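Undergrad: Can you read through this structure? Questions will come right after.
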Amino acid sequence: MVIQTGRSPKEAAYMERALFHAARGLGRTSPNPVVGAIVVSADGVIVGQGYHHRAGEAHAEVNALDEAGGRARGATLYCTLEPCAHHGRTPPCVHRILEAGIRRVVAATEDPNPIVSGRGFAFLREHGVHVEVGLGADASASLNRPFFTLMREGRPFVILKAAASLDGRIAETSGRRTFLTSAAANRHAHCVRAQVDAIAVGVGTVLADDPQLTARGIFRERPLVRVIFDRRLRTPPDAKVLSTLSAGPVMIVSTPEASRCAELRKPLEDAGATIDASGDGLRETFQRLAAEQQIGSLLLEGGAAMHAAAWDEGLVDYVRLYVTPHVLGNGGVELLSGRGFSSAALFERRVESLGPDVVIEGYVHRAG
C-alpha cells in the first residue's frame, strides 16, 4: 500500500513497513485490531520489527522492542495504532516503550477503544517521548475497519457477499440452488471466510443450498461462528452446517413463539445448535453478537431477503460481488431489488478477475 503524505519518503517507507507487518495478523487477532510496529535507530537502521499475532498475546510494539533489544535506546518507534496504556490481557505497551528508551513515537492513528483513545499518547508525552500522529492513518483505518466499527458502533463490520449473473440476478428463481461462480472465485470466497469472525444466512439459503458455511482449502485457526436467521425454526436437524461444529458454533436466531415448540427446538439443540429465542431484529442481534461473542466482522452470504433487510437497516458496510458470465433472465432473483444498488457507487472500489468471473468490491460509505 502506498501512503500519501507530506512526510519524507523514508518516513513513509518505515510506516509502510509497519503496515505490512500489521496485515500479517489479518484473520487472527479479533476482537483486537491488527497492528504492526518497527524500531528505527537514530542512524536510520531498522533494528526491530513485530506485529500482533493474536488476542491475548504480546502487542506489536512489544514484539518489535524485544527484537531490537538494547538497540531501541534513543530510537524511533513506528506503529500503526496508538500504543495501549491500560492493563488488559497484557501489560501496557507505553511502559515497555519507556523502559526501552524510545525517544520518539510515530503512530498512524488514535485507538478508538474508549479505554485507550488518546491516553497512550498522553502518557508518552507526559514522560518526555515525542509523539507524532497521522502518518499512514487512512491505510491503518482500512486494515482495521472491523475493529473501528466494533468500537464506534457496537456491532460487527458487515460484508454483503453475493454471486450474480451479468444481468444482476443471484438465482434462477426463489428457493432454487443456482451454481454461478467458477473454482477461482470459490477459492477467493473461502479465503475471505478464513478472515471473518462470523457468517450469517437466512433459513431460505439453508433450505435451498444446504451449505456447510466453513472455510475450506485454507487454514483457519479460530472457530468460525455461523448464524442462521430462522424465525419459524425450519432448519433441518440434518443440515450440513450442523455436521461441522468442529469448525465453530452454530446459532439459530428465532422467536420466543417458535422456540416454545419443543418438537422444533429440541432436535436442533440435540444436533448441536444454540437457539437464540430473543426475537430481536438484525441490528439488535448484531449488537449482541458483538457484545457477547466479540464478533467484529460478519459475512452476510444471503439470501435475497437477508441482503435486503440488512441494506434497509443501514447495516451493510462493504459489498463483495462476484459477477459471472451467466445470464439468468427476467425470471431470476435480483440483488437488492428495487433499491437502486449499483456497484459503481461503491467507495475505494476494486475490481479483480478470477478466472471467467470478476469480483467487484468496495465500501458502502465513504470513510469519515
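We label chains A, B, ... in the order they appear in the C-alpha cells, count residues from 1 in each chain, and number ligands from 1 in the order shown.
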Please build the interface table for segment 76-172 of chain A against segment 181-197 of chain A with a cut-off of 10 Å, listing for each qualifying residue the nearest atom pair and the distance in Å to one decimal; count only C-alpha atoms, order rows by chain and increasing number, and write it as a Markdown table.
TA:
```
| residue | atom | partner | partner_atom | distance |
| --- | --- | --- | --- | --- |
| A:Pro146 | CA | A:Val196 | CA | 9.2 |
| A:Pro156 | CA | A:Asp197 | CA | 8.9 |
| A:Phe157 | CA | A:Val196 | CA | 9.5 |
| A:Val158 | CA | A:Val196 | CA | 9.7 |
| A:Ile159 | CA | A:Val196 | CA | 9.3 |
| A:Lys161 | CA | A:Ala189 | CA | 8.8 |
| A:Ala162 | CA | A:Ala189 | CA | 9.9 |
| A:Ala163 | CA | A:Thr181 | CA | 6.8 |
| A:Ala164 | CA | A:Thr181 | CA | 8.4 |
| A:Ser165 | CA | A:Thr181 | CA | 9.1 |
```
Undergrad: With C-alpha atoms retained, could you export that selection as a CSV table (one decimal), in the first residue's frame?
TA:
```
chain,number,residue,atom,x,y,z
A,146,PRO,CA,-14.0,-4.2,11.7
A,156,PRO,CA,-19.7,-6.1,13.6
A,157,PHE,CA,-18.4,-4.8,10.3
A,158,VAL,CA,-20.9,-6.3,7.8
A,159,ILE,CA,-19.8,-7.5,4.4
A,161,LYS,CA,-21.4,-11.1,-0.3
A,162,ALA,CA,-23.2,-12.3,-3.4
A,163,ALA,CA,-22.6,-14.0,-6.7
A,164,ALA,CA,-24.6,-12.5,-9.6
A,165,SER,CA,-25.1,-13.1,-13.3
```
Undergrad: Could you name the residues that touch segment 59-64 of chain A at 9 Å or less, counting only C-alpha atoms, but leaving out those on the same chain fewer than 3 positions away, as a ChimeraX atom specification?
TA: /A:21-22,34-39,47-56,67-69,77-79,83,90,93-94,96-97
Undergrad: Tell me, as a PyMOL selection string, which residues lie within 7 Å of Gly101 of chain A, counting only C-alpha atoms; anything in the same chain fewer than 4 positions away does not count.
TA: chain A and resi 72-74+97
Undergrad: Keeping N, CA and C atoms, export the residues of the selection given above as a PDB file, in the first residue's frame.
TA:
```pdb
ATOM      1  N   ALA A  72      17.158  -0.323  20.915  1.00  0.00           N
ATOM      2  CA  ALA A  72      15.977   0.548  20.915  1.00  0.00           C
ATOM      3  C   ALA A  72      16.233   1.875  21.631  1.00  0.00           C
ATOM      4  N   ARG A  73      17.256   1.949  22.443  1.00  0.00           N
ATOM      5  CA  ARG A  73      17.505   3.176  23.208  1.00  0.00           C
ATOM      6  C   ARG A  73      17.848   4.325  22.250  1.00  0.00           C
ATOM      7  N   GLY A  74      17.067   5.405  22.369  1.00  0.00           N
ATOM      8  CA  GLY A  74      17.260   6.572  21.519  1.00  0.00           C
ATOM      9  C   GLY A  74      16.648   6.441  20.134  1.00  0.00           C
ATOM     10  N   ILE A  97       7.634   0.831  26.246  1.00  0.00           N
ATOM     11  CA  ILE A  97       8.280   1.820  25.375  1.00  0.00           C
ATOM     12  C   ILE A  97       9.226   2.708  26.183  1.00  0.00           C
TER      13      ILE A  97
END
```
Undergrad: Pick the closest to Leu26 of chain A from A:Val45, A:Phe147, A:Val40, A:Phe347: which is it, counting only C-alpha atoms?
TA: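 Residue with the minimum atom-to-atom distance to Leu26 of chain A: A:Phe147.
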Undergrad: Rounded to one decimal in Å, what is the spacing between atom CA of Ile295 of chain A and atom CA of Arg155 of chain A?
TA: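 Taking atom CA of Ile295 of chain A as the start and atom CA of Arg155 of chain A as the end point, the length is 7.8 Å.
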Undergrad: So which one's closest to Thr235 of chain A, A:Gly204, A:Pro256, A:Gly70, A:Gly168? Using only C-alpha atoms, please.
TA: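 Looking only at the distances to Thr235 of chain A, the closest residue turns out to be A:Gly204.
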Undergrad: Among the residues of segment 173-269 of chain A, find those DSSP assigns to strand (DSSP E or B) from the backbone and print them as number ranges by chain.
TA: A: 198-202, 225-229, 250-253
Undergrad: Just the residues within 10 Å of Ala290 of chain A, please, counting only C-alpha atoms, with nothing from its chain fewer than 6 positions along; format it as a list in words.
TA: Pro31, Leu150, Met151, Glu153, Gly154, Arg155, Pro156, Phe157, Glu284, Gly296, Ser297 and Leu298 of chain A
Undergrad: Can you list every residue in segment 75-259 of chain A that DSSP puts in helix (DSSP H, G or I), as an NGL selection string?
TA: :A and (93-100 or 119-126 or 137-143 or 145-153 or 183-193 or 203-209 or 240-243 or 245-247 or 256-259)
Undergrad: In Å, with one decimal, what is the gap from atom CA of Asp238 of chain A to atom CA of Ala262 of chain A?
TA: 16.8 Å
Undergrad: So what do you get for atom CA of His307 of chain A versus atom CA of Leu264 of chain A, distance-wise?
TA: 25.8 Å
Undergrad: Excluding same-chain residues fewer than 2 positions from Gly272 of chain A, what lies within 9 Å of it counting only C-alpha atoms, as a PyMOL selection string?
TA: chain A and resi 237+242-243+245+249-250+267-270+274
Undergrad: Find the spatial neighbours of segment 124-129 of chain A, counting only C-alpha atoms, within a cut-off of 9 Å - ignore same-chain residues fewer than 5 positions away - and output them as a VMD selection string.
TA: chain A and resid 94 to 95 97 to 98 102 to 105 119
Undergrad: Can I get the selected residues back with C-alpha atoms, as a PDB file, in the first residue's frame?
TA:
```pdb
ATOM      1  CA  VAL A  94       3.617   2.507  26.923  1.00  0.00           C
ATOM      2  CA  HIS A  95       5.529   1.234  29.972  1.00  0.00           C
ATOM      3  CA  ILE A  97       8.280   1.820  25.375  1.00  0.00           C
ATOM      4  CA  LEU A  98       9.630   3.957  28.222  1.00  0.00           C
ATOM      5  CA  ILE A 102      12.435   5.083  22.828  1.00  0.00           C
ATOM      6  CA  ARG A 103      12.748   8.838  22.241  1.00  0.00           C
ATOM      7  CA  ARG A 104      10.078   9.264  19.536  1.00  0.00           C
ATOM      8  CA  VAL A 105       6.857   7.505  18.538  1.00  0.00           C
ATOM      9  CA  ARG A 119      -4.413   8.008  26.830  1.00  0.00           C
TER      10      ARG A 119
END
```
Undergrad: If we count only C-alpha atoms, what is near Val319 of chain A at a cut-off of 7 Å, once residues fewer than 6 positions away on the same chain are taken out, given as an MDAnalysis selection string?
TA: chainID A and resid 159:161 361:364
Undergrad: Please dump the current selection as a short mmCIF file (atom, residue, chain, number, x, y, z; two decimals), in the first residue's frame; keep all heavy atoms.
TA:
```
data_model
loop_
_atom_site.label_atom_id
_atom_site.label_comp_id
_atom_site.auth_asym_id
_atom_site.auth_seq_id
_atom_site.Cartn_x
_atom_site.Cartn_y
_atom_site.Cartn_z
N ILE A 159 -20.16 -7.40 5.82
CA ILE A 159 -19.79 -7.54 4.42
C ILE A 159 -20.90 -8.29 3.70
O ILE A 159 -21.19 -9.45 4.03
CB ILE A 159 -18.48 -8.33 4.26
CG1 ILE A 159 -17.36 -7.67 5.06
CG2 ILE A 159 -18.10 -8.47 2.79
CD1 ILE A 159 -16.17 -8.59 5.31
N LEU A 160 -21.56 -7.63 2.77
CA LEU A 160 -22.57 -8.31 1.96
C LEU A 160 -21.86 -9.02 0.82
O LEU A 160 -21.16 -8.41 0.02
CB LEU A 160 -23.58 -7.30 1.41
CG LEU A 160 -24.79 -7.85 0.65
CD1 LEU A 160 -25.96 -6.86 0.72
CD2 LEU A 160 -24.47 -8.14 -0.82
N LYS A 161 -22.01 -10.34 0.76
CA LYS A 161 -21.37 -11.14 -0.29
C LYS A 161 -22.45 -11.80 -1.15
O LYS A 161 -23.41 -12.37 -0.63
CB LYS A 161 -20.46 -12.19 0.35
CG LYS A 161 -19.81 -13.14 -0.66
CD LYS A 161 -20.43 -14.52 -0.60
CE LYS A 161 -19.74 -15.50 -1.54
NZ LYS A 161 -20.29 -16.86 -1.48
N GLU A 361 -15.68 -5.06 -5.47
CA GLU A 361 -15.90 -4.83 -4.05
C GLU A 361 -15.58 -3.39 -3.67
O GLU A 361 -14.81 -2.71 -4.34
CB GLU A 361 -15.07 -5.81 -3.21
CG GLU A 361 -13.59 -5.77 -3.49
CD GLU A 361 -12.85 -6.88 -2.78
OE1 GLU A 361 -13.37 -7.43 -1.78
OE2 GLU A 361 -11.73 -7.22 -3.21
N GLY A 362 -16.17 -2.95 -2.57
CA GLY A 362 -15.92 -1.61 -2.09
C GLY A 362 -16.80 -1.28 -0.90
O GLY A 362 -17.71 -2.03 -0.55
N TYR A 363 -16.53 -0.12 -0.32
CA TYR A 363 -17.28 0.32 0.87
C TYR A 363 -18.58 1.01 0.46
O TYR A 363 -18.64 1.68 -0.56
CB TYR A 363 -16.42 1.29 1.68
CG TYR A 363 -15.17 0.66 2.25
CD1 TYR A 363 -13.95 0.78 1.60
CD2 TYR A 363 -15.21 -0.08 3.42
CE1 TYR A 363 -12.80 0.19 2.09
CE2 TYR A 363 -14.08 -0.69 3.93
CZ TYR A 363 -12.87 -0.55 3.27
OH TYR A 363 -11.75 -1.14 3.75
N VAL A 364 -19.59 0.85 1.28
CA VAL A 364 -20.89 1.44 1.01
C VAL A 364 -20.86 2.94 1.34
O VAL A 364 -21.50 3.75 0.65
CB VAL A 364 -21.99 0.75 1.84
CG1 VAL A 364 -23.35 1.44 1.66
CG2 VAL A 364 -22.09 -0.72 1.43
#
```
